[in-house]
Amino acid sequence: MAGFVGSPRINIIEGRIATEAGKQYFHSGSLKSKVAAALNFPGEQVLATIRPEDVGISAGKKLGWLETKVYSVLPAGSETIITVQSGSLNLSVKINGFTGIKMDELLWLNLDPEKINYYDIKTERLIQT
């Protein structure tokens, strides 16, 4: 797994897979995200990866979205890189253009389940569906 590739760097989140009511979910701290396709994985601890441009944001509270606090806002030419925190979790979000988002504001994030890849935490190999 190449976590260093790209700018900004891909988000790598350590967590676990749990089955609830017959569906799989990824959990990391207060983050809970549905797994798009059932994983054929005997363990529970995984690394989840998602590109910063695949993270949805909202300035208003949304049910099921992760509440975060803005740590930094970096205008980078035609895009803006926003770093947010939720507990010990740090995530990067990339949006097109400029934004009025400021440090310490609350943002709600949605990680698109179709865009998340899961890796075995021990071998760092992609977990197949």
# chains A, B, ... in the order shown; residues from 1 in each chain; ligands from 1
$ residues_around --residues "range 64-69 of chain A" --least-positions-apart "2" --cutoff "12 Å" --atoms "only C-alpha atoms" --output "VMD selection string"
chain A and resid 27 to 34 55 to 62 71 to 73 82 to 93 101 to 112
$ residues_around --residues "Ile95 in chain A" --least-positions-apart "5" --cutoff "9 Å" --atoms "only C-alpha atoms" --output "PyMOL selection string"
chain A and resi 52-53+78-82
$ write_last_selection --atoms "C-alpha atoms" --output "tab-separated table (two decimals), in the first residue's frame"
chain	number	residue	atom	x	y	z
A	52	PRO	CA	-9.11	13.38	0.11
A	53	GLU	CA	-11.24	14.28	-2.96
A	78	SER	CA	-7.16	25.77	-7.95
A	79	GLU	CA	-8.04	23.69	-4.87
A	80	THR	CA	-8.12	23.90	-1.09
A	81	ILE	CA	-6.83	21.25	1.30
A	82	ILE	CA	-8.67	21.10	4.62
$ closest_atom_pairs --of "range 22-49 of chain A" --to "range 123-126 of chain A" --cutoff "12 Å" --atoms "only C-alpha atoms" --output "Markdown table"
| residue | atom | partner | partner_atom | distance |
| --- | --- | --- | --- | --- |
| A:Leu39 | CA | A:Leu126 | CA | 10.4 |
| A:Asn40 | CA | A:Leu126 | CA | 10.8 |
| A:Phe41 | CA | A:Leu126 | CA | 10.1 |
| A:Gly43 | CA | A:Thr123 | CA | 11.8 |
| A:Gln45 | CA | A:Glu124 | CA | 11.2 |
| A:Val46 | CA | A:Glu124 | CA | 8.6 |
| A:Leu47 | CA | A:Glu124 | CA | 7.8 |
| A:Ala48 | CA | A:Leu126 | CA | 9.7 |
| A:Thr49 | CA | A:Leu126 | CA | 10.3 |
$ select_by_dssp --residues "chain A" --states "strand (DSSP E)" --output "PyMOL selection string"
chain A and resi 11-20+23-28+31-34+45-50+55-58+66-76+79-86+89-96+106-111+117-120
$ select_by_dssp --residues "chain A" --states "helix (DSSP H, G or I)" --output "ChimeraX atom specification"
/A:52-54,113-115
$ write_last_selection --atoms "N, CA, C and O atoms" --output "mmCIF file, in the first residue's frame"
data_model
loop_
_atom_site.group_PDB
_atom_site.id
_atom_site.type_symbol
_atom_site.label_atom_id
_atom_site.label_comp_id
_atom_site.auth_asym_id
_atom_site.auth_seq_id
_atom_site.Cartn_x
_atom_site.Cartn_y
_atom_site.Cartn_z
ATOM 1 N N PRO A 52 -8.512 12.152 -0.438
ATOM 2 C CA PRO A 52 -9.107 13.381 0.106
ATOM 3 C C PRO A 52 -10.237 13.946 -0.761
ATOM 4 O O PRO A 52 -11.190 14.524 -0.238
ATOM 5 N N GLU A 53 -10.179 13.766 -2.083
ATOM 6 C CA GLU A 53 -11.237 14.277 -2.957
ATOM 7 C C GLU A 53 -12.507 13.436 -2.916
ATOM 8 O O GLU A 53 -13.544 13.841 -3.434
ATOM 9 N N ASP A 54 -12.451 12.254 -2.261
ATOM 10 C CA ASP A 54 -13.615 11.381 -2.159
ATOM 11 C C ASP A 54 -14.334 11.511 -0.820
ATOM 12 O O ASP A 54 -15.213 10.723 -0.497
ATOM 13 N N PRO A 113 -18.605 4.999 0.766
ATOM 14 C CA PRO A 113 -18.250 3.577 0.915
ATOM 15 C C PRO A 113 -17.716 2.945 -0.365
ATOM 16 O O PRO A 113 -16.894 2.032 -0.308
ATOM 17 N N GLU A 114 -18.157 3.430 -1.511
ATOM 18 C CA GLU A 114 -17.699 2.874 -2.794
ATOM 19 C C GLU A 114 -16.248 3.255 -3.102
ATOM 20 O O GLU A 114 -15.611 2.649 -3.961
ATOM 21 N N LYS A 115 -15.733 4.264 -2.419
ATOM 22 C CA LYS A 115 -14.384 4.767 -2.688
ATOM 23 C C LYS A 115 -13.350 4.328 -1.652
ATOM 24 O O LYS A 115 -12.182 4.676 -1.755
#
$ atom_distance --atom1 "CA of Val35 in chain A" --atom2 "CA of Ile13 in chain A"
14.0 Å
$ atom_distance --atom1 "CA of Tyr119 in chain A" --atom2 "CA of Ile17 in chain A"
11.1 Å
$ atom_distance --atom1 "CA of Ile12 in chain A" --atom2 "CA of Gly97 in chain A"
24.4 Å
$ closest_residue --among "A:Ala76, A:Glu44, A:Ala37, A:Gly100" --to "Glu14 in chain A" --atoms "only C-alpha atoms"
A:Glu44
